[in-house]
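structure-v8.txt, holding compact mmCIF, C-alpha atoms and all ligand atoms:
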# COMPACT_ATOMS: atom_id res chain seq x y z
CA MET A 1 -34.43 -14.29 15.47
CA SER A 2 -34.29 -11.56 18.11
CA VAL A 3 -35.29 -7.92 18.11
CA LEU A 4 -33.37 -5.48 15.93
CA PRO A 5 -30.01 -4.58 17.52
CA LEU A 6 -30.61 -0.94 18.47
CA PRO A 7 -26.98 0.18 17.83
CA LEU A 8 -27.74 -0.23 14.11
CA LEU A 9 -30.16 2.70 14.37
CA PRO A 10 -29.07 6.35 14.15
CA ASP A 11 -27.75 7.95 17.37
CA ASN A 12 -30.96 9.89 18.01
CA ALA A 13 -33.41 7.05 17.54
CA SER A 14 -35.89 6.46 20.35
CA LEU A 15 -38.89 4.24 20.88
CA GLY A 16 -42.37 5.51 21.68
CA ALA A 17 -45.47 3.61 22.76
CA GLY A 18 -45.61 0.06 21.40
CA GLY A 19 -41.99 0.28 20.25
CA ARG A 20 -42.77 2.89 17.56
CA LEU A 21 -39.63 4.42 16.06
CA PHE A 22 -38.76 8.10 16.36
CA ILE A 23 -35.61 9.58 14.85
CA GLY A 24 -34.44 13.06 15.80
CA GLY A 25 -37.72 13.41 17.67
CA CYS A 26 -39.79 12.69 14.54
CA ASP A 27 -42.28 9.83 14.30
CA THR A 28 -41.06 7.72 11.36
CA LEU A 29 -44.57 6.53 10.48
CA GLU A 30 -45.73 10.14 10.23
CA LEU A 31 -42.69 10.92 8.05
CA ALA A 32 -43.70 8.10 5.69
CA GLN A 33 -47.22 9.54 5.60
CA GLU A 34 -46.09 13.10 4.99
CA PHE A 35 -43.25 12.55 2.50
CA GLY A 36 -44.25 9.23 0.95
CA THR A 37 -42.13 6.13 0.47
CA PRO A 38 -39.46 5.04 -0.23
CA LEU A 39 -37.95 7.70 2.00
CA PHE A 40 -34.40 8.20 3.25
CA VAL A 41 -34.46 9.60 6.79
CA TYR A 42 -31.14 11.09 8.00
CA ASP A 43 -30.48 11.93 11.64
CA GLU A 44 -28.82 15.33 11.21
CA ALA A 45 -27.29 15.47 14.70
CA HIS A 46 -25.73 12.04 14.08
CA LEU A 47 -24.16 13.30 10.83
CA ARG A 48 -22.77 16.37 12.57
CA GLU A 49 -21.43 14.28 15.45
CA ARG A 50 -19.53 11.95 13.10
CA CYS A 51 -18.03 14.96 11.29
CA ARG A 52 -16.90 16.37 14.65
CA GLN A 53 -15.46 13.03 15.74
CA ALA A 54 -13.40 12.89 12.54
CA ARG A 55 -12.18 16.46 12.88
CA THR A 56 -11.13 15.87 16.46
CA ALA A 57 -9.43 12.57 15.71
CA PHE A 58 -7.22 13.71 12.84
CA ALA A 59 -4.60 16.44 12.94
CA GLY A 60 -4.71 16.76 9.15
CA SER A 61 -7.72 17.72 7.06
CA VAL A 62 -10.77 15.48 6.82
CA ALA A 63 -12.41 15.52 3.40
CA TYR A 64 -15.87 13.97 3.36
CA ALA A 65 -16.04 11.58 0.37
CA ALA A 66 -19.02 13.03 -1.44
CA LYS A 67 -19.70 9.84 -3.40
CA ALA A 68 -21.18 8.21 -0.29
CA PHE A 69 -24.12 10.63 -0.23
CA LEU A 70 -24.21 13.97 -1.99
CA CYS A 71 -26.68 16.81 -2.17
CA LEU A 72 -26.53 20.55 -1.49
CA ALA A 73 -27.61 20.11 2.14
CA MET A 74 -24.92 17.51 2.80
CA VAL A 75 -22.18 19.71 1.34
CA ARG A 76 -23.37 22.64 3.47
CA LEU A 77 -23.40 20.45 6.56
CA ALA A 78 -19.86 19.20 5.88
CA HIS A 79 -18.73 22.79 5.28
CA GLU A 80 -20.36 24.03 8.50
CA GLU A 81 -18.61 21.24 10.41
CA GLY A 82 -15.23 22.34 9.03
CA LEU A 83 -14.70 19.42 6.70
CA HIS A 84 -13.12 19.47 3.27
CA LEU A 85 -14.81 17.58 0.43
CA ASP A 86 -13.46 14.80 -1.79
CA VAL A 87 -15.09 14.93 -5.22
CA ALA A 88 -14.47 12.31 -7.89
CA THR A 89 -16.10 13.74 -11.03
CA GLY A 90 -16.97 17.02 -12.66
CA GLY A 91 -20.58 16.42 -11.54
CA GLU A 92 -19.61 16.08 -7.88
CA LEU A 93 -17.41 19.17 -8.26
CA TYR A 94 -20.39 21.06 -9.67
CA VAL A 95 -22.66 20.12 -6.76
CA ALA A 96 -19.96 21.05 -4.25
CA ARG A 97 -19.48 24.47 -5.84
CA ALA A 98 -23.24 25.02 -6.19
CA ALA A 99 -23.55 24.45 -2.44
CA GLY A 100 -20.88 27.07 -1.77
CA MET A 101 -17.96 24.86 -0.75
CA PRO A 102 -14.82 26.99 -1.18
CA GLY A 103 -12.51 25.66 -3.89
CA HIS A 104 -9.48 25.40 -1.64
CA ARG A 105 -11.36 22.88 0.54
CA LEU A 106 -11.94 20.50 -2.36
CA VAL A 107 -9.87 17.45 -3.26
CA MET A 108 -10.36 16.21 -6.81
CA ASN A 109 -10.03 12.43 -7.16
CA GLY A 110 -10.78 10.12 -10.10
CA ASN A 111 -8.92 7.65 -12.31
CA ASN A 112 -10.05 9.15 -15.60
CA LYS A 113 -10.46 12.88 -15.24
CA SER A 114 -11.14 14.50 -18.59
CA ALA A 115 -9.35 17.63 -19.75
CA ALA A 116 -12.59 19.53 -19.09
CA GLU A 117 -12.86 18.17 -15.54
CA LEU A 118 -9.25 19.12 -14.82
CA SER A 119 -9.82 22.56 -16.24
CA ASP A 120 -12.99 23.00 -14.12
CA ALA A 121 -11.06 21.84 -11.05
CA VAL A 122 -8.31 24.38 -11.69
CA ASP A 123 -10.87 27.14 -12.36
CA ALA A 124 -12.57 26.27 -9.06
CA GLY A 125 -9.19 26.61 -7.32
CA VAL A 126 -9.35 23.11 -5.82
CA GLY A 127 -6.96 22.59 -2.95
CA ARG A 128 -5.49 19.36 -4.28
CA ILE A 129 -5.82 17.26 -7.42
CA VAL A 130 -5.03 13.61 -6.74
CA VAL A 131 -3.27 12.56 -9.94
CA ASP A 132 -3.98 8.98 -10.94
CA SER A 133 -2.10 8.33 -14.21
CA PHE A 134 0.61 9.46 -16.63
CA ASP A 135 -2.15 10.36 -19.12
CA GLU A 136 -3.57 12.74 -16.55
CA LEU A 137 -0.11 14.30 -16.14
CA ASP A 138 -0.06 14.80 -19.94
CA ARG A 139 -3.41 16.60 -19.68
CA LEU A 140 -2.11 18.78 -16.84
CA ASP A 141 0.93 19.64 -19.01
CA ALA A 142 -1.42 20.70 -21.80
CA LEU A 143 -3.52 22.73 -19.36
CA HIS A 144 -0.38 24.45 -18.09
CA GLN A 145 0.69 25.28 -21.63
CA ALA A 146 -2.74 26.71 -22.42
CA THR A 147 -3.40 28.64 -19.20
CA GLY A 148 -0.22 28.75 -17.11
CA ALA A 149 -2.04 26.88 -14.31
CA ARG A 150 0.17 24.95 -11.90
CA PRO A 151 -2.15 23.07 -9.52
CA ARG A 152 -1.02 21.50 -6.26
CA VAL A 153 -1.21 17.74 -6.58
CA LEU A 154 -0.90 14.49 -4.67
CA LEU A 155 -0.01 11.28 -6.48
CA ARG A 156 -2.24 8.28 -5.89
CA ILE A 157 -0.08 5.29 -5.05
CA THR A 158 -1.30 1.69 -4.93
CA PRO A 159 0.62 0.28 -2.00
CA GLY A 160 -0.01 -3.42 -2.68
CA VAL A 161 -2.04 -3.88 0.49
CA GLU A 162 -4.80 -6.49 0.56
CA VAL A 163 -7.98 -5.93 2.50
CA HIS A 164 -10.77 -8.33 3.31
CA THR A 165 -13.67 -6.67 1.61
CA HIS A 166 -15.62 -7.13 -1.60
CA GLU A 167 -13.40 -7.39 -4.70
CA TYR A 168 -15.24 -4.45 -6.32
CA VAL A 169 -14.21 -2.10 -3.51
CA THR A 170 -10.61 -3.28 -3.13
CA THR A 171 -8.32 -0.61 -4.53
CA GLY A 172 -4.94 -0.92 -2.85
CA VAL A 173 -3.70 -4.05 -4.59
CA ASP A 174 -1.44 -3.99 -7.67
CA ASP A 175 -4.14 -5.34 -10.00
CA THR A 176 -6.35 -2.24 -9.98
CA LYS A 177 -7.27 0.55 -12.36
CA PHE A 178 -6.34 3.17 -9.76
CA GLY A 179 -3.06 4.97 -9.25
CA PHE A 180 0.65 4.35 -9.64
CA THR A 181 1.93 0.96 -8.48
CA ALA A 182 4.42 1.19 -5.64
CA SER A 183 6.13 -2.14 -6.26
CA SER A 184 6.90 -1.80 -9.97
CA GLY A 185 8.82 1.48 -10.14
CA MET A 186 5.77 3.21 -11.62
CA ALA A 187 5.25 5.36 -8.53
CA ASP A 188 8.92 6.43 -8.47
CA ALA A 189 8.69 7.37 -12.13
CA ALA A 190 5.59 9.48 -11.47
CA ILE A 191 7.20 11.23 -8.51
CA ASN A 192 10.31 12.03 -10.54
CA ARG A 193 8.26 13.30 -13.44
CA CYS A 194 6.27 15.62 -11.14
CA ARG A 195 9.40 16.91 -9.44
CA ARG A 196 10.83 17.95 -12.80
CA SER A 197 7.51 19.28 -14.05
CA GLY A 198 6.61 22.95 -14.25
CA SER A 199 2.95 22.04 -14.73
CA VAL A 200 2.17 20.76 -11.24
CA GLU A 201 3.38 21.35 -7.70
CA LEU A 202 3.85 17.98 -6.04
CA MET A 203 2.76 18.19 -2.39
CA GLY A 204 2.65 14.55 -1.39
CA LEU A 205 1.16 11.11 -1.79
CA HIS A 206 -2.28 9.56 -1.53
CA ALA A 207 -3.50 6.01 -1.05
CA HIS A 208 -6.98 4.55 -0.73
CA ILE A 209 -6.87 0.84 0.02
CA GLY A 210 -10.55 -0.03 -0.31
CA SER A 211 -13.94 0.46 1.26
CA GLN A 212 -15.88 -1.22 4.10
CA VAL A 213 -12.60 -2.29 5.77
CA PHE A 214 -13.00 -3.64 9.31
CA GLU A 215 -9.37 -4.32 10.18
CA LEU A 216 -6.89 -1.61 11.10
CA GLY A 217 -3.83 -3.64 10.03
CA PRO A 218 -4.10 -2.80 6.29
CA PHE A 219 -4.25 0.94 7.09
CA ARG A 220 -1.06 0.57 9.14
CA GLN A 221 0.60 -1.32 6.27
CA ALA A 222 -0.44 1.37 3.80
CA VAL A 223 1.16 4.05 6.00
CA GLU A 224 4.32 1.98 6.17
CA VAL A 225 4.56 1.63 2.39
CA ILE A 226 3.57 5.20 1.53
CA ALA A 227 5.60 6.90 4.26
CA GLY A 228 8.58 4.84 3.14
CA PHE A 229 8.04 6.11 -0.36
CA ALA A 230 7.55 9.76 0.61
CA GLN A 231 10.52 10.15 2.92
CA PRO A 232 13.47 10.00 0.47
CA TYR A 233 11.73 12.64 -1.62
CA GLY A 234 10.96 14.89 1.35
CA LEU A 235 7.26 15.01 0.45
CA PRO A 236 5.36 16.62 3.30
CA GLU A 237 1.77 15.50 2.73
CA LEU A 238 0.03 12.17 3.02
CA SER A 239 -3.63 11.37 2.46
CA LEU A 240 -4.85 7.92 3.39
CA GLY A 241 -8.20 8.08 1.59
CA GLY A 242 -11.25 6.56 3.23
CA GLY A 243 -12.40 3.01 3.73
CA LEU A 244 -13.30 2.56 7.39
CA GLY A 245 -16.11 0.01 7.58
CA VAL A 246 -19.40 0.15 9.47
CA ALA A 247 -21.61 -2.55 10.97
CA TYR A 248 -24.63 -3.32 8.79
CA VAL A 249 -26.01 -6.43 10.43
CA GLU A 250 -26.23 -8.11 13.82
CA GLY A 251 -22.87 -9.44 14.99
CA GLU A 252 -20.70 -7.04 12.96
CA SER A 253 -18.59 -4.43 14.68
CA ALA A 254 -16.23 -1.84 13.26
CA PRO A 255 -13.48 0.29 14.77
CA SER A 256 -14.53 3.81 15.75
CA ILE A 257 -13.23 6.85 13.89
CA ALA A 258 -11.00 7.59 16.91
CA GLU A 259 -9.54 4.05 16.81
CA TRP A 260 -8.91 4.38 13.07
CA ALA A 261 -7.08 7.68 13.63
CA ALA A 262 -5.05 6.25 16.50
CA ALA A 263 -3.91 3.29 14.36
CA ILE A 264 -2.83 5.63 11.56
CA ASP A 265 -1.01 7.97 14.00
CA GLU A 266 0.77 5.03 15.56
CA ALA A 267 1.88 3.71 12.17
CA CYS A 268 3.16 7.18 11.23
CA ALA A 269 5.13 7.36 14.47
CA VAL A 270 6.66 3.92 13.77
CA ALA A 271 7.53 5.03 10.22
CA GLY A 272 9.01 8.30 11.51
CA PHE A 273 6.50 10.28 9.44
CA THR A 274 5.72 13.48 11.33
CA ALA A 275 3.46 15.49 8.99
CA PRO A 276 -0.28 15.44 9.72
CA VAL A 277 -2.18 12.81 7.74
CA SER A 278 -5.39 13.70 5.92
CA VAL A 279 -8.23 11.30 5.25
CA GLU A 280 -11.35 11.04 3.07
CA PRO A 281 -13.98 9.03 4.92
CA GLY A 282 -17.39 8.59 3.33
CA ARG A 283 -19.25 5.60 4.70
CA ALA A 284 -18.04 6.00 8.29
CA LEU A 285 -19.53 9.50 8.44
CA VAL A 286 -22.94 8.89 6.89
CA ALA A 287 -23.92 5.20 6.64
CA SER A 288 -25.45 4.62 10.06
CA SER A 289 -27.10 8.07 10.21
CA ALA A 290 -29.96 7.00 7.94
CA ILE A 291 -32.68 4.43 7.49
CA THR A 292 -34.91 3.84 4.47
CA LEU A 293 -38.67 3.55 4.87
CA TYR A 294 -40.64 1.47 2.37
CA ARG A 295 -44.28 0.48 2.10
CA VAL A 296 -45.10 -3.21 1.85
CA GLY A 297 -47.11 -3.92 -1.32
CA THR A 298 -47.39 -7.70 -1.54
CA ILE A 299 -46.59 -10.68 0.66
CA LYS A 300 -46.17 -13.96 -1.17
CA ASP A 301 -45.97 -17.01 1.05
CA LEU A 302 -44.47 -20.12 -0.57
CA PRO A 303 -44.87 -22.89 2.02
CA GLY A 304 -41.66 -24.85 2.43
CA ILE A 305 -39.74 -22.35 0.31
CA ARG A 306 -39.90 -18.78 1.64
CA THR A 307 -41.97 -15.62 2.04
CA TYR A 308 -41.36 -12.75 -0.35
CA VAL A 309 -42.19 -9.27 0.94
CA SER A 310 -42.28 -6.77 -1.93
CA VAL A 311 -41.75 -3.10 -1.17
CA ASP A 312 -42.14 0.04 -3.26
CA GLY A 313 -38.39 0.54 -3.95
CA GLY A 314 -35.54 -1.89 -4.51
CA MET A 315 -32.29 -2.00 -6.45
CA SER A 316 -32.94 1.51 -7.76
CA ASP A 317 -32.60 3.08 -4.29
CA ASN A 318 -30.12 0.60 -2.81
CA PRO A 319 -28.08 -1.38 -5.35
CA ARG A 320 -25.56 -2.64 -2.77
CA PRO A 321 -27.21 -6.02 -2.14
CA VAL A 322 -27.23 -6.72 -5.89
CA LEU A 323 -23.77 -5.28 -6.59
CA TYR A 324 -21.84 -6.68 -3.65
CA GLY A 325 -24.17 -9.19 -2.04
CA SER A 326 -24.36 -6.82 0.94
CA GLY A 327 -26.46 -7.81 3.92
CA TYR A 328 -28.98 -5.62 5.70
CA GLU A 329 -31.34 -5.99 8.63
CA THR A 330 -35.02 -5.19 8.32
CA PHE A 331 -37.72 -4.31 10.84
CA LEU A 332 -41.11 -2.70 11.27
CA PRO A 333 -40.87 0.86 12.66
CA ARG A 334 -44.29 0.40 14.29
CA ALA A 335 -42.87 -2.28 16.60
CA VAL A 336 -39.08 -2.05 16.84
CA ASP A 337 -38.89 -3.88 20.13
CA ARG A 338 -41.01 -6.81 18.93
CA ASP A 339 -39.37 -10.19 18.34
CA ARG A 340 -38.71 -10.77 14.65
CA ASP A 341 -39.80 -14.36 14.27
CA ARG A 342 -40.85 -14.59 10.63
CA ALA A 343 -38.19 -15.23 7.98
CA VAL A 344 -38.69 -13.17 4.83
CA ARG A 345 -36.87 -12.07 1.71
CA VAL A 346 -37.41 -8.37 1.12
CA VAL A 347 -37.52 -7.63 -2.59
CA GLY A 348 -38.15 -4.57 -4.71
CA LYS A 349 -40.57 -3.72 -7.49
CA HIS A 350 -38.16 -4.06 -10.43
CA CYS A 351 -38.45 -6.56 -13.25
CA GLU A 352 -35.47 -8.63 -12.07
CA SER A 353 -35.48 -11.76 -9.96
CA GLY A 354 -32.22 -10.50 -8.47
CA ASP A 355 -33.86 -7.29 -7.24
CA LEU A 356 -33.52 -7.90 -3.53
CA LEU A 357 -32.91 -5.65 -0.57
CA VAL A 358 -32.63 -8.18 2.26
CA ARG A 359 -31.85 -11.76 1.28
CA ASP A 360 -32.49 -13.33 4.67
CA GLY A 361 -34.45 -10.96 6.86
CA TRP A 362 -36.65 -11.35 9.91
CA VAL A 363 -39.77 -9.40 10.77
CA PRO A 364 -42.56 -9.71 13.34
CA GLY A 365 -45.04 -12.44 12.40
CA ASP A 366 -47.96 -10.04 11.98
CA ILE A 367 -46.39 -8.14 9.06
CA LYS A 368 -49.11 -7.13 6.60
CA VAL A 369 -49.67 -5.32 3.34
CA ASP A 370 -49.41 -1.51 3.77
CA ASP A 371 -47.02 -1.81 6.72
CA ILE A 372 -44.04 0.53 6.70
CA LEU A 373 -40.90 -1.60 6.62
CA ALA A 374 -37.41 -0.20 7.19
CA THR A 375 -33.79 -1.04 6.49
CA PRO A 376 -31.17 0.59 8.74
CA VAL A 377 -27.64 1.82 7.86
CA THR A 378 -28.62 3.04 4.40
CA GLY A 379 -26.97 6.47 4.56
CA ALA A 380 -24.00 5.60 2.32
CA TYR A 381 -23.96 4.46 -1.29
CA GLY A 382 -27.75 4.08 -1.41
CA HIS A 383 -29.28 7.28 -2.73
CA SER A 384 -25.97 8.20 -4.39
CA MET A 385 -25.77 4.89 -6.30
CA GLY A 386 -29.47 4.89 -7.11
CA SER A 387 -30.91 4.79 -10.60
CA ASN A 388 -34.14 5.22 -12.50
CA TYR A 389 -34.29 1.59 -13.61
CA ASN A 390 -37.81 0.69 -14.75
CA LYS A 391 -38.41 4.44 -14.66
CA VAL A 392 -38.88 4.36 -10.91
CA PRO A 393 -38.50 7.94 -9.63
CA ARG A 394 -35.69 8.47 -7.12
CA PRO A 395 -36.90 8.74 -3.50
CA ALA A 396 -37.04 11.83 -1.33
CA VAL A 397 -34.54 12.51 1.45
CA VAL A 398 -35.32 14.23 4.75
CA PHE A 399 -33.00 15.43 7.50
CA VAL A 400 -34.60 15.21 10.94
CA ARG A 401 -33.50 17.04 14.05
CA ASP A 402 -35.15 18.23 17.29
CA GLY A 403 -38.58 17.12 16.16
CA GLU A 404 -38.36 18.90 12.79
CA ALA A 405 -38.11 17.24 9.37
CA ARG A 406 -36.46 19.13 6.52
CA LEU A 407 -36.87 17.91 2.95
CA VAL A 408 -33.39 18.09 1.37
CA ILE A 409 -34.02 16.13 -1.86
CA ARG A 410 -37.54 16.12 -3.25
CA ARG A 411 -38.99 12.94 -4.68
CA GLU A 412 -38.64 12.74 -8.45
CA THR A 413 -41.83 13.02 -10.43
CA HIS A 414 -42.87 11.22 -13.58
CA GLU A 415 -42.17 14.46 -15.47
CA ASP A 416 -38.56 14.28 -14.23
CA LEU A 417 -38.29 10.94 -16.01
CA ILE A 418 -38.66 12.54 -19.45
CA ARG A 419 -36.87 15.81 -18.65
CA ASN A 420 -33.94 14.98 -20.93
CA ASP A 421 -35.85 13.22 -23.70
CA LEU A 422 -36.18 15.06 -27.03
N1 LIG B 1 -11.41 8.29 -1.20
C1 LIG B 1 -11.36 7.64 -2.37
C2 LIG B 1 -10.27 7.97 -3.32
C3 LIG B 1 -12.32 6.66 -2.69
O1 LIG B 1 -12.25 6.01 -3.86
C4 LIG B 1 -13.33 6.36 -1.74
C5 LIG B 1 -14.35 5.33 -2.02
O2 LIG B 1 -14.44 4.71 -3.01
C6 LIG B 1 -13.36 7.09 -0.55
C7 LIG B 1 -12.39 8.04 -0.30
C8 LIG B 1 -14.42 6.86 0.49
O3 LIG B 1 -14.44 5.56 0.93
P1 LIG B 1 -15.37 5.13 2.17
O4 LIG B 1 -16.75 5.57 1.87
O5 LIG B 1 -15.22 3.67 2.20
O6 LIG B 1 -14.81 5.80 3.38
Output the file's structure as structure tokens, nothing else.
Ligand code: PLP
Amino acid sequence: MSVLPLPLLPDNASLGAGGRLFIGGCDTLELAQEFGTPLFVYDEAHLRERCRQARTAFAGSVAYAAKAFLCLAMVRLAHEEGLHLDVATGGELYVARAAGMPGHRLVMNGNNKSAAELSDAVDAGVGRIVVDSFDELDRLDALHQATGARPRVLLRITPGVEVHTHEYVTTGVDDTKFGFTASSGMADAAINRCRRSGSVELMGLHAHIGSQVFELGPFRQAVEVIAGFAQPYGLPELSLGGGLGVAYVEGESAPSIAEWAAAIDEACAVAGFTAPVSVEPGRALVASSAITLYRVGTIKDLPGIRTYVSVDGGMSDNPRPVLYGSGYETFLPRAVDRDRDRAVRVVGKHCESGDLLVRDGWVPGDIKVDDILATPVTGAYGHSMGSNYNKVPRPAVVFVRDGEARLVIRRETHEDLIRNDL
């Protein structure tokens, strides 16, 4: 195997003497020493640049999908960069509000919003609620009767578009828990109900076809279906959700944010849909901005079988390999430009044989216990999907920029693990 493809590293990665990795001007080995491991290291300038690219590319609003990576610092960054925020639960709404995101810049998604979540969303003055079901419309009727609230809503439509991604992150097909099916008359029924309703103000339609999508064709098809649906009703707004994929491993390539926007614009023009389209990207804004640093604890060589490299994290800080079979690269930040000629399986410290981070990885042959090992492109759906399995404390997160490292999420302590126990 060759050296790590450098485009998989954050924008502001650079190599020092001996191929030692710096991000945002900070020495990653010193970061591991100072903040401990596992450690998520985010390149702040990279994050801001992706936000700016998205804002420039789309005429409509860009709501960062908070589920990809959420903390107070990330909300503030998105706010400073002029983004809106897509929240999918009352908890995400709470974090957004705690960070000072104005209510009108929030979009509330979710297929099973409780009455309390809807009420919190209305109290926060969210800009749009994306309604997902008739049961939710019943709850909004009840809320209207109780409080007089009449929130502005979009209806989530499932356009029947297939994408080539993992089944668990496919959401645009008919057989899904999300939204109102376009092909069955369900979506028409929901639109008609909203138009007659005094409880909601119907502003437009929403579709999210799936996540980690590499092809632009399905986005074009979704525009075609949804714009076709919206036009007879004169609905002015369209949100196309998120879903743009990113490259995780050597050989993968994904369209840029600008190419994604251009494909959507083109499809709107073809469909004769003139209103600005909004989007909700998550992964495309944050995934490649971060790497995770681990410390190697054991190396088990099984001649003729494989070498297991165990690190001090695992499925509790990055469940994607276990959930979706996702692939990652791995490398040693002390020697990024060194040939990776030793095949290894990078595994975590959890009591599961399936606890793996990199199924088929390559590292330099002189890897040893106590080395810092890294996985790139871990900025999305890693920390946010993490858990405390085996009572492993959640890792710390630092933002690095111009040679400075800022702790934005402190490492959990053992005391945190019993905080809620009575
Ligand atoms: N919008 C909605 C409604 C979603 O469900 C998701 C992801 O699940 C997103 C946006 C963000 O998707 P991605 O991170 O793939 O851009």
Write out as JSON lines the residues of chain A that have any atom within 6 Å of an atom of ligand LIG 1 (chain B), one row each with the nearest atom pair and its distance in Å to one decimal, counting all atoms listed in the file, sorted by chain and then rising number.
{"residue": "A:Ala65", "atom": "CA", "partner": "B:LIG1", "partner_atom": "C8", "distance": 5.0}
{"residue": "A:Ala68", "atom": "CA", "partner": "B:LIG1", "partner_atom": "O4", "distance": 5.6}
{"residue": "A:Asn109", "atom": "CA", "partner": "B:LIG1", "partner_atom": "C2", "distance": 5.9}
{"residue": "A:His208", "atom": "CA", "partner": "B:LIG1", "partner_atom": "C2", "distance": 5.4}
{"residue": "A:Ser211", "atom": "CA", "partner": "B:LIG1", "partner_atom": "O5", "distance": 3.6}
{"residue": "A:Gln212", "atom": "CA", "partner": "B:LIG1", "partner_atom": "O5", "distance": 5.3}
{"residue": "A:Gly241", "atom": "CA", "partner": "B:LIG1", "partner_atom": "N1", "distance": 4.3}
{"residue": "A:Gly242", "atom": "CA", "partner": "B:LIG1", "partner_atom": "O6", "distance": 3.6}
{"residue": "A:Gly243", "atom": "CA", "partner": "B:LIG1", "partner_atom": "O5", "distance": 3.3}
{"residue": "A:Leu244", "atom": "CA", "partner": "B:LIG1", "partner_atom": "O6", "distance": 5.4}
{"residue": "A:Glu280", "atom": "CA", "partner": "B:LIG1", "partner_atom": "C7", "distance": 4.6}
{"residue": "A:Pro281", "atom": "CA", "partner": "B:LIG1", "partner_atom": "O6", "distance": 3.7}
{"residue": "A:Gly282", "atom": "CA", "partner": "B:LIG1", "partner_atom": "O4", "distance": 3.4}
{"residue": "A:Arg283", "atom": "CA", "partner": "B:LIG1", "partner_atom": "O4", "distance": 3.8}
{"residue": "A:Ala284", "atom": "CA", "partner": "B:LIG1", "partner_atom": "O6", "distance": 5.9}
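Counting from atom CA of A:Glu224, the distance to atom CA of A:Phe134 is 24.3 Å.
Between atom CA of A:Ser288 and atom CA of A:Val249 the interatomic distance comes to 11.1 Å.
Among the candidates A:Val130, A:Ile226, A:Leu15, A:Leu216, the one nearest to A:Pro255 when counting all atoms listed in the file is A:Leu216.
Between atom CA of A:Asp265 and atom CA of A:Pro7 the separation is 27.4 Å.
The residue that comes closest to A:Glu30, out of A:Gly379, A:Ala269, A:Leu293, A:Pro303 and on the basis of all atoms listed in the file, is A:Leu293.
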query: What lies within 12 Å of A:Cys351 using only C-alpha atoms, ignoring chain neighbours under 6 positions off, as a list in words?
result: Ser310, Gly313, Gly314, Met315, Ser316, Tyr389, Asn390, Lys391 and Val392 of chain A
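For the set A:Arg139, A:Arg419, A:His383, A:Arg306, the residue with the smallest atom-to-atom gap to A:Thr292 is A:His383, counting all atoms listed in the file.
For A:Ala275, the non-local neighbours within 9 Å, defined as residues at least 6 positions apart in the same chain or in other chains and counting only C-alpha atoms, are Gly60, Pro236, Glu237, Leu238 and Cys268 of chain A.
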Restricting it to C-alpha atoms, dump the selection as a PDB file, in the frame of the given file.
ATOM      1  CA  GLY A  60      -4.710  16.760   9.150  1.00  0.00           C
ATOM      2  CA  PRO A 236       5.360  16.620   3.300  1.00  0.00           C
ATOM      3  CA  GLU A 237       1.770  15.500   2.730  1.00  0.00           C
ATOM      4  CA  LEU A 238       0.030  12.170   3.020  1.00  0.00           C
ATOM      5  CA  CYS A 268       3.160   7.180  11.230  1.00  0.00           C
TER       6      CYS A 268
END
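Among the candidates A:Met108, A:Ala405, A:Ala230, A:Leu83, the one nearest to A:Gln53 when counting all atoms listed in the file is A:Leu83.
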- request: Give me the residues within 8 Å of A:Ala261 as a PyMOL selection string, counting all atoms listed in the file and dropping any in the same chain fewer than 4 places off.
  value: chain A and resi 57-58+257+265
Mind writing the picked residues with C-alpha atoms as a tab-separated table (two decimals), keeping the file's coordinate frame?
chain	number	residue	atom	x	y	z
A	57	ALA	CA	-9.43	12.57	15.71
A	58	PHE	CA	-7.22	13.71	12.84
A	257	ILE	CA	-13.23	6.85	13.89
A	265	ASP	CA	-1.01	7.97	14.00
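Comparing the minimum interatomic distances between A:Val62 and each of A:Gly245, A:Gly82, A:Pro151, A:Gly210, counting only C-alpha atoms, we find that A:Gly82 sits nearest.
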Close residues, A:Arg394 itself excluded, 8 Å, only C-alpha atoms, min 5 positions apart in chain, as an mmCIF file with C-alpha atoms, keeping the file's coordinate frame:
data_model
loop_
_atom_site.group_PDB
_atom_site.id
_atom_site.type_symbol
_atom_site.label_atom_id
_atom_site.label_comp_id
_atom_site.auth_asym_id
_atom_site.auth_seq_id
_atom_site.Cartn_x
_atom_site.Cartn_y
_atom_site.Cartn_z
ATOM 1 C CA SER A 316 -32.940 1.510 -7.760
ATOM 2 C CA ASP A 317 -32.600 3.080 -4.290
ATOM 3 C CA HIS A 383 -29.280 7.280 -2.730
ATOM 4 C CA GLY A 386 -29.470 4.890 -7.110
ATOM 5 C CA SER A 387 -30.910 4.790 -10.600
ATOM 6 C CA ASN A 388 -34.140 5.220 -12.500
ATOM 7 C CA ARG A 411 -38.990 12.940 -4.680
ATOM 8 C CA GLU A 412 -38.640 12.740 -8.450
#
field: Residue nearest A:Gly100 among A:Asp366, A:Glu266, A:Glu252, A:Glu80 (counting only C-alpha atoms)
entry: A:Glu80
- request: Enumerate, as a ChimeraX atom specification, the protein, DNA and RNA residues whose atoms approach (0.0, -1.7, 8.1) to within 12 Å, taking into account all atoms listed in the file and the coordinate frame of the file.
  value: /A:159-163,209,215-228,240,260,263-268,270-271
If you take all atoms listed in the file and a cut-off of 7 Å, which residues of stretch 263-339 of chain A touch stretch 34-52 of chain A, and what are their nearest atom pairs and distances in Å to one decimal, in chain and number order, as CSV?
residue,atom,partner,partner_atom,distance
A:Leu285,CA,A:Arg50,CA,5.3
A:Val286,CA,A:Leu47,CA,6.0
A:Ser289,CA,A:Asp43,CA,5.3
A:Ala290,CA,A:Tyr42,CA,4.3
A:Ile291,CA,A:Val41,CA,5.5
A:Thr292,CA,A:Phe40,CA,4.6
A:Leu293,CA,A:Leu39,CA,5.1
A:Tyr294,CA,A:Pro38,CA,4.6
A:Arg295,CA,A:Thr37,CA,6.3
A:Asp312,CA,A:Pro38,CA,6.4
A:Gly313,CA,A:Pro38,CA,5.9
